[in-house]
>>> print(open('model.cif').read())   # mmCIF, C-alpha atoms and all ligand atoms
data_data
#
loop_
_atom_site.label_atom_id
_atom_site.label_comp_id
_atom_site.auth_asym_id
_atom_site.auth_seq_id
_atom_site.Cartn_x
_atom_site.Cartn_y
_atom_site.Cartn_z
CA MET A 4 -14.76 -1.40 1.61
CA THR A 5 -14.35 -3.25 4.92
CA SER A 6 -11.02 -2.91 6.67
CA ARG A 7 -8.59 -5.77 6.20
CA ILE A 8 -6.04 -4.46 8.67
CA GLY A 9 -4.73 -7.21 10.90
CA GLN A 10 -5.56 -9.96 8.44
CA PRO A 11 -2.54 -12.26 7.91
CA GLU A 12 -3.11 -12.48 4.15
CA LEU A 13 -2.91 -8.71 3.84
CA LEU A 14 0.28 -8.61 5.88
CA LYS A 15 1.77 -11.27 3.63
CA GLU A 16 0.79 -9.22 0.55
CA ILE A 17 2.44 -6.10 1.97
CA ASN A 18 5.62 -7.98 2.92
CA ARG A 19 5.77 -9.67 -0.47
CA ALA A 20 5.39 -6.33 -2.26
CA HIS A 21 8.19 -4.94 -0.11
CA VAL A 22 10.53 -7.87 -0.89
CA PHE A 23 9.61 -7.59 -4.59
CA GLU A 24 10.49 -3.86 -4.63
CA ILE A 25 13.83 -4.43 -2.89
CA LEU A 26 14.71 -7.21 -5.35
CA ARG A 27 13.79 -5.00 -8.29
CA ARG A 28 15.97 -2.21 -6.92
CA GLU A 29 18.95 -4.30 -5.79
CA ARG A 30 18.88 -6.78 -8.72
CA ILE A 31 21.11 -9.30 -6.86
CA VAL A 32 20.76 -9.89 -3.14
CA SER A 33 20.93 -12.81 -0.69
CA ARG A 34 18.15 -13.93 1.66
CA PRO A 35 20.02 -12.56 4.74
CA GLY A 36 20.56 -9.34 2.75
CA LEU A 37 16.82 -9.12 2.07
CA ALA A 38 16.06 -9.69 5.75
CA GLU A 39 18.36 -6.83 6.64
CA LEU A 40 16.96 -4.46 3.99
CA THR A 41 13.30 -5.20 4.77
CA GLY A 42 13.52 -5.64 8.54
CA LEU A 43 11.64 -8.95 8.17
CA SER A 44 12.73 -12.19 9.85
CA ARG A 45 14.86 -14.63 7.84
CA ALA A 46 12.06 -17.22 8.07
CA THR A 47 9.49 -14.80 6.60
CA VAL A 48 11.91 -13.75 3.85
CA SER A 49 12.60 -17.40 2.97
CA LEU A 50 8.88 -18.15 2.60
CA LEU A 51 8.29 -15.09 0.44
CA VAL A 52 11.36 -15.80 -1.70
CA ASP A 53 10.09 -19.36 -2.28
CA SER A 54 6.90 -17.98 -3.79
CA LEU A 55 8.86 -15.54 -5.98
CA LEU A 56 11.13 -18.38 -7.14
CA GLN A 57 8.05 -20.40 -7.98
CA VAL A 58 6.67 -17.75 -10.35
CA GLY A 59 10.13 -17.28 -11.83
CA ILE A 60 10.70 -13.58 -11.18
CA VAL A 61 13.84 -14.41 -9.23
CA GLN A 62 16.41 -17.13 -9.75
CA GLU A 63 19.30 -18.40 -7.67
CA ALA A 64 22.61 -17.14 -9.04
CA GLY A 65 25.68 -18.47 -7.24
CA PHE A 66 26.99 -17.52 -3.83
CA GLY A 67 27.77 -14.21 -2.14
CA ALA A 68 30.68 -13.37 0.15
CA SER A 69 30.70 -15.28 3.40
CA SER A 70 30.51 -13.35 6.64
CA GLY A 71 31.99 -16.22 8.60
CA GLY A 72 29.67 -19.18 7.99
CA ARG A 73 28.32 -20.75 4.84
CA PRO A 74 28.33 -18.26 1.89
CA PRO A 75 24.73 -17.13 1.17
CA VAL A 76 22.92 -18.05 -2.03
CA LEU A 77 22.37 -15.00 -4.23
CA LEU A 78 18.97 -14.23 -5.73
CA GLU A 79 18.76 -12.45 -9.06
CA PHE A 80 15.76 -10.40 -10.19
CA LYS A 81 14.48 -11.49 -13.64
CA PRO A 82 12.78 -8.49 -15.28
CA ASP A 83 11.88 -10.49 -18.36
CA ALA A 84 9.96 -13.23 -16.52
CA VAL A 85 6.57 -11.48 -16.62
CA HIS A 86 5.30 -8.62 -18.79
CA ALA A 87 2.92 -5.69 -18.44
CA LEU A 88 0.54 -3.83 -20.77
CA GLY A 89 0.24 -0.03 -21.01
CA ALA A 90 -1.74 2.10 -23.48
CA ARG A 91 -2.03 5.78 -24.21
CA MET A 92 -4.37 7.81 -26.37
CA ARG A 93 -3.27 10.77 -28.46
CA ASP A 94 -4.71 12.35 -31.60
CA TYR A 95 -7.43 9.68 -31.89
CA GLN A 96 -4.86 6.94 -31.85
CA TRP A 97 -3.98 4.31 -29.25
CA SER A 98 -0.48 2.98 -28.71
CA VAL A 99 -0.25 -0.15 -26.58
CA PHE A 100 3.10 -1.29 -25.21
CA LEU A 101 4.17 -4.62 -23.82
CA THR A 102 6.97 -4.04 -21.30
CA ASP A 103 9.13 -6.09 -18.97
CA LEU A 104 9.08 -5.68 -15.17
CA ASP A 105 11.39 -2.65 -15.52
CA ALA A 106 8.88 -0.98 -17.91
CA ARG A 107 11.25 -1.49 -20.86
CA PRO A 108 9.10 -1.65 -24.04
CA LEU A 109 9.39 -4.99 -25.85
CA ASP A 110 6.57 -4.81 -28.36
CA ARG A 111 3.95 -2.28 -29.41
CA GLU A 112 0.72 -1.97 -31.34
CA SER A 113 -0.91 1.20 -32.65
CA ILE A 114 -4.46 1.66 -33.88
CA GLU A 115 -6.50 4.59 -35.22
CA ILE A 116 -9.77 5.40 -33.45
CA PRO A 117 -12.57 5.84 -35.96
CA GLY A 118 -14.55 8.94 -34.97
CA SER A 119 -14.44 10.63 -31.59
CA GLY A 120 -16.86 8.51 -29.55
CA ALA A 121 -15.75 6.77 -26.37
CA GLU A 122 -17.35 3.46 -27.45
CA ALA A 123 -15.31 3.47 -30.68
CA ALA A 124 -12.18 4.29 -28.66
CA ALA A 125 -12.80 1.37 -26.27
CA ASP A 126 -13.46 -1.00 -29.18
CA ALA A 127 -10.27 0.08 -30.93
CA LEU A 128 -8.17 -0.36 -27.79
CA ALA A 129 -9.63 -3.83 -27.21
CA ARG A 130 -8.61 -4.79 -30.76
CA ALA A 131 -5.08 -3.47 -30.29
CA VAL A 132 -4.66 -5.30 -26.95
CA ASP A 133 -5.96 -8.48 -28.55
CA ALA A 134 -3.48 -8.20 -31.44
CA LEU A 135 -0.60 -7.66 -29.02
CA LEU A 136 -1.66 -10.61 -26.84
CA GLN A 137 -2.04 -12.86 -29.89
CA ARG A 138 1.45 -11.99 -31.02
CA ASN A 139 2.90 -12.64 -27.56
CA GLN A 140 1.10 -15.82 -26.60
CA SER A 141 4.30 -17.45 -25.37
CA GLN A 142 4.87 -14.68 -22.80
CA ARG A 143 3.50 -14.47 -19.28
CA ILE A 144 1.57 -11.23 -19.00
CA LEU A 145 0.12 -9.63 -15.87
CA PRO A 146 -3.70 -9.71 -16.10
CA ALA A 147 -4.15 -5.94 -16.21
CA LEU A 148 -3.92 -2.93 -18.52
CA GLY A 149 -2.75 0.57 -17.61
CA VAL A 150 -4.31 3.40 -19.61
CA GLY A 151 -3.14 6.99 -20.08
CA SER A 152 -6.18 8.89 -21.28
CA PRO A 153 -6.90 12.51 -22.05
CA GLY A 154 -8.86 14.59 -19.54
CA LEU A 155 -9.64 14.70 -15.87
CA VAL A 156 -9.81 11.13 -14.57
CA ASP A 157 -11.13 9.86 -11.24
CA MET A 158 -8.43 7.25 -10.69
CA ARG A 159 -10.43 5.34 -8.04
CA THR A 160 -13.35 4.68 -10.37
CA GLY A 161 -11.61 4.98 -13.75
CA VAL A 162 -14.29 7.45 -14.90
CA ILE A 163 -13.16 10.27 -17.17
CA GLN A 164 -14.92 13.30 -15.65
CA SER A 165 -14.24 15.50 -18.66
CA ALA A 166 -11.91 15.44 -21.63
CA THR A 167 -12.85 18.58 -23.51
CA ASP A 168 -10.56 18.12 -26.51
CA VAL A 169 -12.33 14.84 -27.41
CA GLY A 170 -15.74 15.90 -26.05
CA TRP A 171 -15.99 13.15 -23.40
CA PHE A 172 -17.91 13.68 -20.17
CA GLU A 173 -18.55 11.12 -17.43
CA VAL A 174 -17.10 8.27 -19.50
CA PRO A 175 -16.67 5.07 -17.39
CA LEU A 176 -13.59 4.02 -19.38
CA LYS A 177 -12.33 1.45 -16.84
CA GLN A 178 -15.64 -0.39 -16.84
CA MET A 179 -16.00 -0.17 -20.65
CA LEU A 180 -12.54 -1.67 -21.15
CA GLU A 181 -12.80 -4.35 -18.46
CA SER A 182 -15.99 -5.70 -20.02
CA ARG A 183 -14.30 -5.81 -23.42
CA ILE A 184 -10.89 -7.27 -22.61
CA GLY A 185 -11.45 -9.18 -19.37
CA LEU A 186 -8.40 -7.67 -17.65
CA GLU A 187 -8.24 -5.35 -14.65
CA VAL A 188 -7.87 -1.79 -15.98
CA TYR A 189 -6.21 1.20 -14.29
CA VAL A 190 -6.93 4.59 -15.88
CA ALA A 191 -5.06 7.84 -15.27
CA ASN A 192 -4.53 11.11 -17.07
CA ARG A 193 -1.83 10.70 -19.73
CA SER A 194 0.35 13.49 -18.31
CA LYS A 195 0.35 11.84 -14.90
CA VAL A 196 1.46 8.52 -16.37
CA GLY A 197 3.92 10.42 -18.59
CA ALA A 198 5.62 11.46 -15.35
CA LEU A 199 5.86 7.81 -14.30
CA GLY A 200 7.30 6.92 -17.73
CA GLU A 201 10.06 9.53 -17.55
CA ARG A 202 10.75 8.57 -13.92
CA TRP A 203 11.09 4.83 -14.69
CA ARG A 204 12.79 4.85 -18.08
CA GLY A 205 13.49 8.41 -19.20
CA ALA A 206 15.14 11.63 -18.09
CA GLY A 207 14.13 11.19 -14.45
CA THR A 208 15.56 7.74 -13.77
CA GLY A 209 16.90 7.71 -10.23
CA THR A 210 15.10 10.87 -9.10
CA GLU A 211 12.60 10.84 -6.24
CA ASP A 212 10.90 14.22 -6.70
CA LEU A 213 10.09 15.12 -10.27
CA ILE A 214 7.50 17.20 -12.08
CA TYR A 215 6.68 16.33 -15.68
CA ILE A 216 5.02 19.07 -17.71
CA SER A 217 3.30 18.04 -20.87
CA ILE A 218 2.56 20.71 -23.47
CA GLY A 219 0.10 19.68 -26.16
CA THR A 220 -3.51 20.61 -26.88
CA GLY A 221 -3.48 21.60 -23.21
CA VAL A 222 -0.89 21.80 -20.47
CA ALA A 223 -0.78 19.36 -17.56
CA ALA A 224 1.70 18.21 -14.97
CA GLY A 225 2.47 14.87 -13.39
CA ILE A 226 3.95 15.25 -9.93
CA ILE A 227 6.19 12.51 -8.53
CA HIS A 228 6.84 12.80 -4.81
CA ARG A 229 9.22 10.32 -3.14
CA GLY A 230 9.05 8.13 -6.20
CA GLU A 231 5.24 7.96 -6.20
CA LEU A 232 2.64 9.79 -8.24
CA TYR A 233 0.99 12.56 -6.22
CA ILE A 234 -2.68 12.64 -7.22
CA GLY A 235 -4.36 14.81 -4.58
CA SER A 236 -7.68 14.16 -2.83
CA ASN A 237 -9.77 13.31 -5.90
CA SER A 238 -6.97 12.64 -8.38
CA SER A 239 -7.06 16.04 -10.05
CA ALA A 240 -3.65 17.28 -8.83
CA GLY A 241 -1.42 18.53 -11.63
CA GLU A 242 -3.95 20.60 -13.62
CA LEU A 243 -1.20 23.08 -14.37
CA GLY A 244 -2.92 24.30 -17.56
CA HIS A 245 -5.60 25.95 -15.45
CA VAL A 246 -3.48 27.94 -13.04
CA THR A 247 -4.14 31.66 -13.59
CA ILE A 248 -1.27 33.54 -15.21
CA GLU A 249 -3.09 36.64 -16.50
CA PRO A 250 -6.08 37.54 -14.29
CA HIS A 251 -7.78 39.37 -17.18
CA GLY A 252 -6.39 37.21 -19.97
CA PRO A 253 -8.25 35.17 -22.61
CA LEU A 254 -11.27 33.12 -21.56
CA CYS A 255 -10.64 29.40 -21.01
CA PRO A 256 -13.22 26.60 -21.54
CA CYS A 257 -12.91 25.93 -17.77
CA GLY A 258 -14.68 29.27 -17.20
CA ASN A 259 -11.65 31.10 -15.82
CA ARG A 260 -9.59 33.80 -17.51
CA GLY A 261 -5.89 33.83 -18.37
CA CYS A 262 -5.24 30.13 -17.68
CA LEU A 263 -1.73 28.95 -18.57
CA GLN A 264 -2.95 26.75 -21.40
CA GLN A 265 -4.62 29.72 -23.13
CA LEU A 266 -1.11 31.18 -23.37
CA VAL A 267 1.28 28.23 -23.78
CA SER A 268 -0.41 25.14 -25.32
CA ASP A 269 0.26 24.05 -28.93
CA PRO A 270 -2.93 25.77 -30.21
CA ALA A 271 -2.03 28.95 -28.26
CA ILE A 272 1.50 29.01 -29.70
CA ALA A 273 0.22 28.39 -33.24
CA GLY A 274 -2.52 31.02 -32.76
CA ARG A 275 -0.10 33.69 -31.54
CA THR A 276 2.19 32.99 -34.49
CA ARG A 277 -0.69 33.33 -36.99
CA GLU A 278 -1.71 36.61 -35.37
CA ARG A 279 1.80 38.02 -35.81
CA LEU A 280 2.08 36.75 -39.40
CA ARG A 281 -1.16 38.57 -40.22
CA ARG A 282 0.39 41.77 -38.92
CA THR A 283 3.91 41.46 -40.34
CA GLN A 284 3.08 39.72 -43.66
CA GLN A 285 6.71 38.67 -44.07
CA GLY A 286 9.43 36.17 -43.18
CA PRO A 287 9.97 32.44 -43.89
CA LEU A 288 6.89 31.32 -41.92
CA PHE A 289 4.71 33.81 -43.82
CA GLU A 290 6.09 32.59 -47.15
CA ARG A 291 5.25 29.04 -46.20
CA TYR A 292 1.93 29.48 -44.37
CA GLY A 293 0.71 32.95 -45.39
CA ALA A 294 -1.69 31.50 -47.93
CA GLN A 295 -2.97 28.75 -45.61
CA PRO A 296 -2.42 29.90 -42.02
CA GLU A 297 -4.64 27.11 -40.63
CA ALA A 298 -1.95 24.57 -41.70
CA LEU A 299 0.56 26.14 -39.31
CA GLY A 300 0.96 24.09 -36.14
CA ALA A 301 3.11 24.52 -33.05
CA ALA A 302 5.66 22.00 -34.36
CA ALA A 303 6.43 24.34 -37.29
CA VAL A 304 6.94 27.24 -34.85
CA PHE A 305 9.39 25.23 -32.72
CA ALA A 306 11.26 24.06 -35.84
CA ALA A 307 11.47 27.60 -37.23
CA ALA A 308 12.72 28.94 -33.90
CA GLU A 309 15.45 26.29 -33.79
CA GLU A 310 16.56 27.59 -37.22
CA GLY A 311 16.72 31.13 -35.87
CA ASP A 312 13.46 32.54 -37.28
CA GLU A 313 13.00 35.81 -35.40
CA LEU A 314 9.22 35.81 -35.24
CA ALA A 315 9.08 32.20 -34.01
CA VAL A 316 11.72 32.94 -31.38
CA GLU A 317 9.64 35.91 -30.17
CA VAL A 318 6.49 33.82 -29.87
CA LEU A 319 8.31 31.10 -27.92
CA ASP A 320 10.00 33.67 -25.74
CA GLU A 321 6.58 35.04 -24.79
CA ALA A 322 5.26 31.53 -24.11
CA ALA A 323 8.35 30.72 -22.04
CA GLU A 324 7.76 33.89 -20.00
CA HIS A 325 4.28 32.63 -19.02
CA LEU A 326 5.36 29.03 -18.44
CA ALA A 327 8.32 30.21 -16.33
CA VAL A 328 5.88 31.89 -13.90
CA ALA A 329 4.08 28.55 -13.45
CA ILE A 330 7.32 26.56 -13.17
CA GLY A 331 8.75 29.05 -10.68
CA ASN A 332 5.64 28.56 -8.53
CA LEU A 333 5.95 24.77 -8.81
CA ILE A 334 9.60 24.92 -7.74
CA ASN A 335 8.79 27.12 -4.74
CA LEU A 336 5.85 24.90 -3.73
CA PHE A 337 7.26 21.42 -4.33
CA ASN A 338 11.06 21.78 -4.27
CA PRO A 339 11.54 19.12 -6.98
CA GLU A 340 14.87 17.68 -8.15
CA MET A 341 13.86 17.79 -11.76
CA ILE A 342 11.37 19.42 -14.14
CA VAL A 343 10.92 17.35 -17.31
CA LEU A 344 9.35 18.96 -20.39
CA GLY A 345 7.17 16.61 -22.40
CA GLY A 346 4.46 16.71 -25.03
CA GLN A 347 4.50 16.83 -28.78
CA ALA A 348 5.84 20.00 -30.31
CA GLY A 349 8.14 21.49 -27.70
CA ALA A 350 9.24 18.39 -25.82
CA GLY A 351 12.57 18.04 -27.57
CA SER A 352 13.30 21.73 -28.05
CA GLU A 353 16.56 22.54 -26.29
CA LEU A 354 16.07 26.20 -27.30
CA PHE A 355 12.75 26.36 -25.43
CA ALA A 356 14.24 24.54 -22.42
CA GLU A 357 17.07 27.09 -22.30
CA MET A 358 14.62 30.02 -22.51
CA LEU A 359 12.77 28.48 -19.56
CA ARG A 360 15.93 27.96 -17.52
CA THR A 361 16.85 31.63 -17.92
CA LYS A 362 13.37 32.90 -17.09
CA VAL A 363 12.72 30.50 -14.20
CA ARG A 364 15.92 31.79 -12.57
CA LYS A 365 14.17 35.16 -12.18
CA ARG A 366 11.04 33.59 -10.71
CA ALA A 367 11.91 30.81 -8.27
CA MET A 368 13.71 31.23 -4.95
CA ALA A 369 17.46 30.73 -5.21
CA TYR A 370 17.62 27.98 -2.59
CA ALA A 371 14.94 25.81 -4.24
CA LEU A 372 16.47 26.59 -7.65
CA SER A 373 19.85 25.27 -6.56
CA ALA A 374 18.32 21.78 -6.26
CA VAL A 375 16.45 21.58 -9.59
CA THR A 376 17.37 20.63 -13.15
CA ILE A 377 15.09 21.62 -16.03
CA THR A 378 15.41 19.20 -18.90
CA THR A 379 13.65 17.89 -22.00
CA GLY A 380 11.97 14.47 -21.80
CA ARG A 381 13.77 11.45 -23.21
CA LEU A 382 10.80 9.30 -24.20
CA GLY A 383 8.77 11.80 -26.25
CA PRO A 384 5.23 10.55 -26.86
CA ASP A 385 6.19 7.07 -25.58
CA ALA A 386 6.36 8.41 -21.99
CA ALA A 387 2.63 7.98 -21.40
CA ALA A 388 2.43 4.37 -22.70
CA VAL A 389 5.48 3.36 -20.65
CA GLY A 390 4.00 5.11 -17.61
CA ALA A 391 0.65 3.39 -18.16
CA ALA A 392 2.47 0.04 -17.94
CA VAL A 393 4.01 1.31 -14.68
CA LEU A 394 0.44 1.61 -13.27
CA VAL A 395 0.25 -2.16 -13.76
CA LEU A 396 3.78 -2.84 -12.49
CA GLN A 397 2.97 -1.05 -9.25
CA HIS A 398 0.41 -3.82 -8.68
CA ALA A 399 2.68 -6.62 -9.93
CA PRO A 400 2.96 -8.64 -6.69
CA GLU A 401 -0.80 -8.66 -6.03
CA LEU A 402 -1.51 -9.45 -9.69
CA LEU A 403 0.99 -12.31 -9.57
CA PHE A 404 -0.26 -13.79 -6.32
CA GLY A 405 -3.76 -12.40 -5.86
CA GLU A 406 -7.12 -13.82 -6.81
CA GLN A 407 -6.37 -13.30 -10.47
CA ALA A 408 -3.10 -15.21 -10.41
CA ASN A 409 -4.77 -18.11 -12.17
CA ALA A 410 -5.73 -15.83 -15.01
CA ILE A 411 -2.13 -15.02 -15.91
CA ALA A 412 -1.59 -15.85 -19.55
CA GLN A 413 0.89 -18.66 -19.80
ZN ZN A 501 -8.77 27.04 -17.60
#
>>> encode(input="model.cif", output="structure tokens", more="lines below")
Ligand SMILES: [Zn+2]
Amino acid sequence: MTSRIGQPELLKEINRAHVFEILRRERIVSRPGLAELTGLSRATVSLLVDSLLQVGIVQEAGFGASSGGRPPVLLEFKPDAVHALGARMRDYQWSVFLTDLDARPLDRESIEIPGSGAEAAADALARAVDALLQRNQSQRILPALGVGSPGLVDMRTGVIQSATDVGWFEVPLKQMLESRIGLEVYVANRSKVGALGERWRGAGTGTEDLIYISIGTGVAAGIIHRGELYIGSNSSAGELGHVTIEPHGPLCPCGNRGCLQQLVSDPAIAGRTRERLRRTQQGPLFERYGAQPEALGAAAVFAAAEEGDELAVEVLDEAAEHLAVAIGNLINLFNPEMIVLGGQAGAGSELFAEMLRTKVRKRAMAYALSAVTITTGRLGPDAAAVGAAVLVLQHAPELLFGEQANAIAQ
């Protein structure tokens, strides 16, 4: 890409994005107030505000307090003026959300993916997006779609490098979706966008440094640093499931031994429980699943533990011991304000969160610990779809005013 530094259009784009962000944060602010907060001249602010008024994402709302002269006109941010689309894939199902400019979900569409192929998945998502757009024809929608997908994603190209649980390798998902739906598509790993979801609308609202840990078929983290997603040099930061916990532990599909997700993921938790049931041959879980152990999933283990089942509590305690090592390392390395637990089975388990709090206290340094809260997620599986819409919202000003502005659905 050729450099555009020094080009006036680019400068205008950057300034407009800045003004847009301040308006979103402040909600009501005057033009002189915006000039002060952005460091831009009043003339520049006035021009930019005119364009925002024109697209309707701000409106004039009375007068502010006078500082001597004429009282300034107040500008009010209108989160409902334009909407964004975000989708996430889980268990061969897509959920697509339509959100407002604050990432608040307004409508949703879910669709099953027939089979495990990437083509079928792209087709299904295109159908779901189409259904949602049809139903919301009267709304203005940013011409883009954010996608939270499984696997290791190159966020620059939107190519899924590998998603072992669905058997996808080198899948150009961005390109496949753009050709089907005619919108710009941003693809990221679903745990990374889950972090954005919890930061914008969930447990982490108002925090600047947050780490979201999703426990499901694997384990992955989304790292938010100064309010932004930290993705690393080739967007693979956050592969927490593959940090080594037991150097000689069980073999992982990544080729390493003793990876965290071989010890803590949903399949690992269910597997350890089955192993113990085979040995003990007793207790409520054995009575229920003894005859068909393959039906036992991690959700049943979390539920049993919450009811005080001794064996389930032991399994979770062991898992928490391993996860606490990883979380302690994260706290020492990143000094976050908040660790949010997400995923399917254990996301809402206060018992598991408490086990972790106790064990992490023995692992992380006291000073870093004093700054961090460990909590369960508030959005559950919705976190990734909300966060996928945030991928679009982060581009809202350029989508509103850029080359594609004409394509905005009216
Ligand atoms: Zn591994």
>>> residues_near_ligand(input="model.cif", ligand="ligand ZN 501 (chain A)", cutoff="6 Å", atoms="only C-alpha atoms and all ligand atoms", output="PyMOL selection string")
chain A and resi 245+255-257+259+262
>>> closest_residue(input="model.cif", among="A:Asp269, A:Leu326, A:Leu40, A:Ala388", to="Ala303 of chain A", atoms="all atoms listed in the file")
A:Asp269
>>> closest_atom_pairs(input="model.cif", of="segment 146-204 of chain A", to="segment 344-363 of chain A", cutoff="10 Å", atoms="only C-alpha atoms", output="JSON lines")
{"residue": "A:Ser194", "atom": "CA", "partner": "A:Gly346", "partner_atom": "CA", "distance": 8.5}
{"residue": "A:Gly197", "atom": "CA", "partner": "A:Gly345", "partner_atom": "CA", "distance": 8.0}
{"residue": "A:Ala198", "atom": "CA", "partner": "A:Gly345", "partner_atom": "CA", "distance": 8.9}
{"residue": "A:Glu201", "atom": "CA", "partner": "A:Gly345", "partner_atom": "CA", "distance": 9.1}
>>> residues_around(input="model.cif", residues="Leu314 of chain A", least_positions_apart="3", cutoff="8 Å", atoms="all atoms listed in the file", output="PyMOL selection string")
chain A and resi 276+279+286+308+317-318
>>> write_last_selection(input="model.cif", atoms="C-alpha atoms", output="CSV table (one decimal), in the frame of the given file")
chain,number,residue,atom,x,y,z
A,276,THR,CA,2.2,33.0,-34.5
A,279,ARG,CA,1.8,38.0,-35.8
A,286,GLY,CA,9.4,36.2,-43.2
A,308,ALA,CA,12.7,28.9,-33.9
A,317,GLU,CA,9.6,35.9,-30.2
A,318,VAL,CA,6.5,33.8,-29.9
>>> atom_distance(input="model.cif", atom1="atom CA of Leu88 of chain A", atom2="atom CA of Ala121 of chain A")
20.2 Å
>>> atom_distance(input="model.cif", atom1="atom CA of Thr220 of chain A", atom2="atom CA of Leu372 of chain A")
28.4 Å
>>> residues_near_point(input="model.cif", point="(1.7, 27.9, -40.3)", cutoff="8 Å", atoms="only C-alpha atoms", output="list in words")
Ala273, Thr276, Arg277, Leu288, Phe289, Arg291, Tyr292, Gly293, Gln295, Pro296, Glu297, Ala298, Leu299, Gly300, Ala303 and Val304 of chain A
>>> residues_around(input="model.cif", residues="segment 171-186 of chain A", least_positions_apart="3", cutoff="7 Å", atoms="all atoms listed in the file", output="ChimeraX atom specification")
/A:125,129,146-148,161-167,189-190
>>> closest_atom_pairs(input="model.cif", of="segment 150-247 of chain A", to="segment 90-111 of chain A", cutoff="6 Å", atoms="all atoms listed in the file", output="JSON lines")
{"residue": "A:Val150", "atom": "CA", "partner": "A:Ala90", "partner_atom": "CA", "distance": 4.8}
{"residue": "A:Gly151", "atom": "CA", "partner": "A:Arg91", "partner_atom": "CA", "distance": 4.4}
{"residue": "A:Ser152", "atom": "CA", "partner": "A:Met92", "partner_atom": "CA", "distance": 5.5}
>>> closest_residue(input="model.cif", among="A:Arg381, A:His86, A:Arg28, A:Arg45", to="Leu403 of chain A", atoms="all atoms listed in the file")
A:His86
>>> residues_around(input="model.cif", residues="Arg364 of chain A", least_positions_apart="3", cutoff="12 Å", atoms="all atoms listed in the file", output="PDB file with C-alpha atoms, keeping the file's coordinate frame")
ATOM      1  CA  GLU A 324       7.760  33.890 -20.000  1.00  0.00           C
ATOM      2  CA  ALA A 327       8.320  30.210 -16.330  1.00  0.00           C
ATOM      3  CA  VAL A 328       5.880  31.890 -13.900  1.00  0.00           C
ATOM      4  CA  ILE A 330       7.320  26.560 -13.170  1.00  0.00           C
ATOM      5  CA  GLY A 331       8.750  29.050 -10.680  1.00  0.00           C
ATOM      6  CA  ASN A 332       5.640  28.560  -8.530  1.00  0.00           C
ATOM      7  CA  ILE A 334       9.600  24.920  -7.740  1.00  0.00           C
ATOM      8  CA  ASN A 335       8.790  27.120  -4.740  1.00  0.00           C
ATOM      9  CA  GLU A 357      17.070  27.090 -22.300  1.00  0.00           C
ATOM     10  CA  MET A 358      14.620  30.020 -22.510  1.00  0.00           C
ATOM     11  CA  LEU A 359      12.770  28.480 -19.560  1.00  0.00           C
ATOM     12  CA  ARG A 360      15.930  27.960 -17.520  1.00  0.00           C
ATOM     13  CA  THR A 361      16.850  31.630 -17.920  1.00  0.00           C
ATOM     14  CA  ALA A 367      11.910  30.810  -8.270  1.00  0.00           C
ATOM     15  CA  MET A 368      13.710  31.230  -4.950  1.00  0.00           C
ATOM     16  CA  ALA A 369      17.460  30.730  -5.210  1.00  0.00           C
ATOM     17  CA  TYR A 370      17.620  27.980  -2.590  1.00  0.00           C
ATOM     18  CA  ALA A 371      14.940  25.810  -4.240  1.00  0.00           C
ATOM     19  CA  LEU A 372      16.470  26.590  -7.650  1.00  0.00           C
ATOM     20  CA  SER A 373      19.850  25.270  -6.560  1.00  0.00           C
ATOM     21  CA  VAL A 375      16.450  21.580  -9.590  1.00  0.00           C
ATOM     22  CA  THR A 376      17.370  20.630 -13.150  1.00  0.00           C
ATOM     23  CA  ILE A 377      15.090  21.620 -16.030  1.00  0.00           C
TER      24      ILE A 377
END
>>> residues_near_point(input="model.cif", point="(1.8, 24.9, -26.1)", cutoff="7 Å", atoms="only C-alpha atoms", output="PDB file with C-alpha atoms, keeping the file's coordinate frame")
ATOM      1  CA  ILE A 218       2.560  20.710 -23.470  1.00  0.00           C
ATOM      2  CA  GLY A 219       0.100  19.680 -26.160  1.00  0.00           C
ATOM      3  CA  THR A 220      -3.510  20.610 -26.880  1.00  0.00           C
ATOM      4  CA  GLY A 221      -3.480  21.600 -23.210  1.00  0.00           C
ATOM      5  CA  VAL A 222      -0.890  21.800 -20.470  1.00  0.00           C
ATOM      6  CA  GLN A 264      -2.950  26.750 -21.400  1.00  0.00           C
ATOM      7  CA  VAL A 267       1.280  28.230 -23.780  1.00  0.00           C
ATOM      8  CA  SER A 268      -0.410  25.140 -25.320  1.00  0.00           C
ATOM      9  CA  ASP A 269       0.260  24.050 -28.930  1.00  0.00           C
ATOM     10  CA  PRO A 270      -2.930  25.770 -30.210  1.00  0.00           C
ATOM     11  CA  ALA A 271      -2.030  28.950 -28.260  1.00  0.00           C
ATOM     12  CA  ILE A 272       1.500  29.010 -29.700  1.00  0.00           C
TER      13      ILE A 272
END
>>> atom_distance(input="model.cif", atom1="atom CA of His228 of chain A", atom2="atom CA of Leu55 of chain A")
28.4 Å
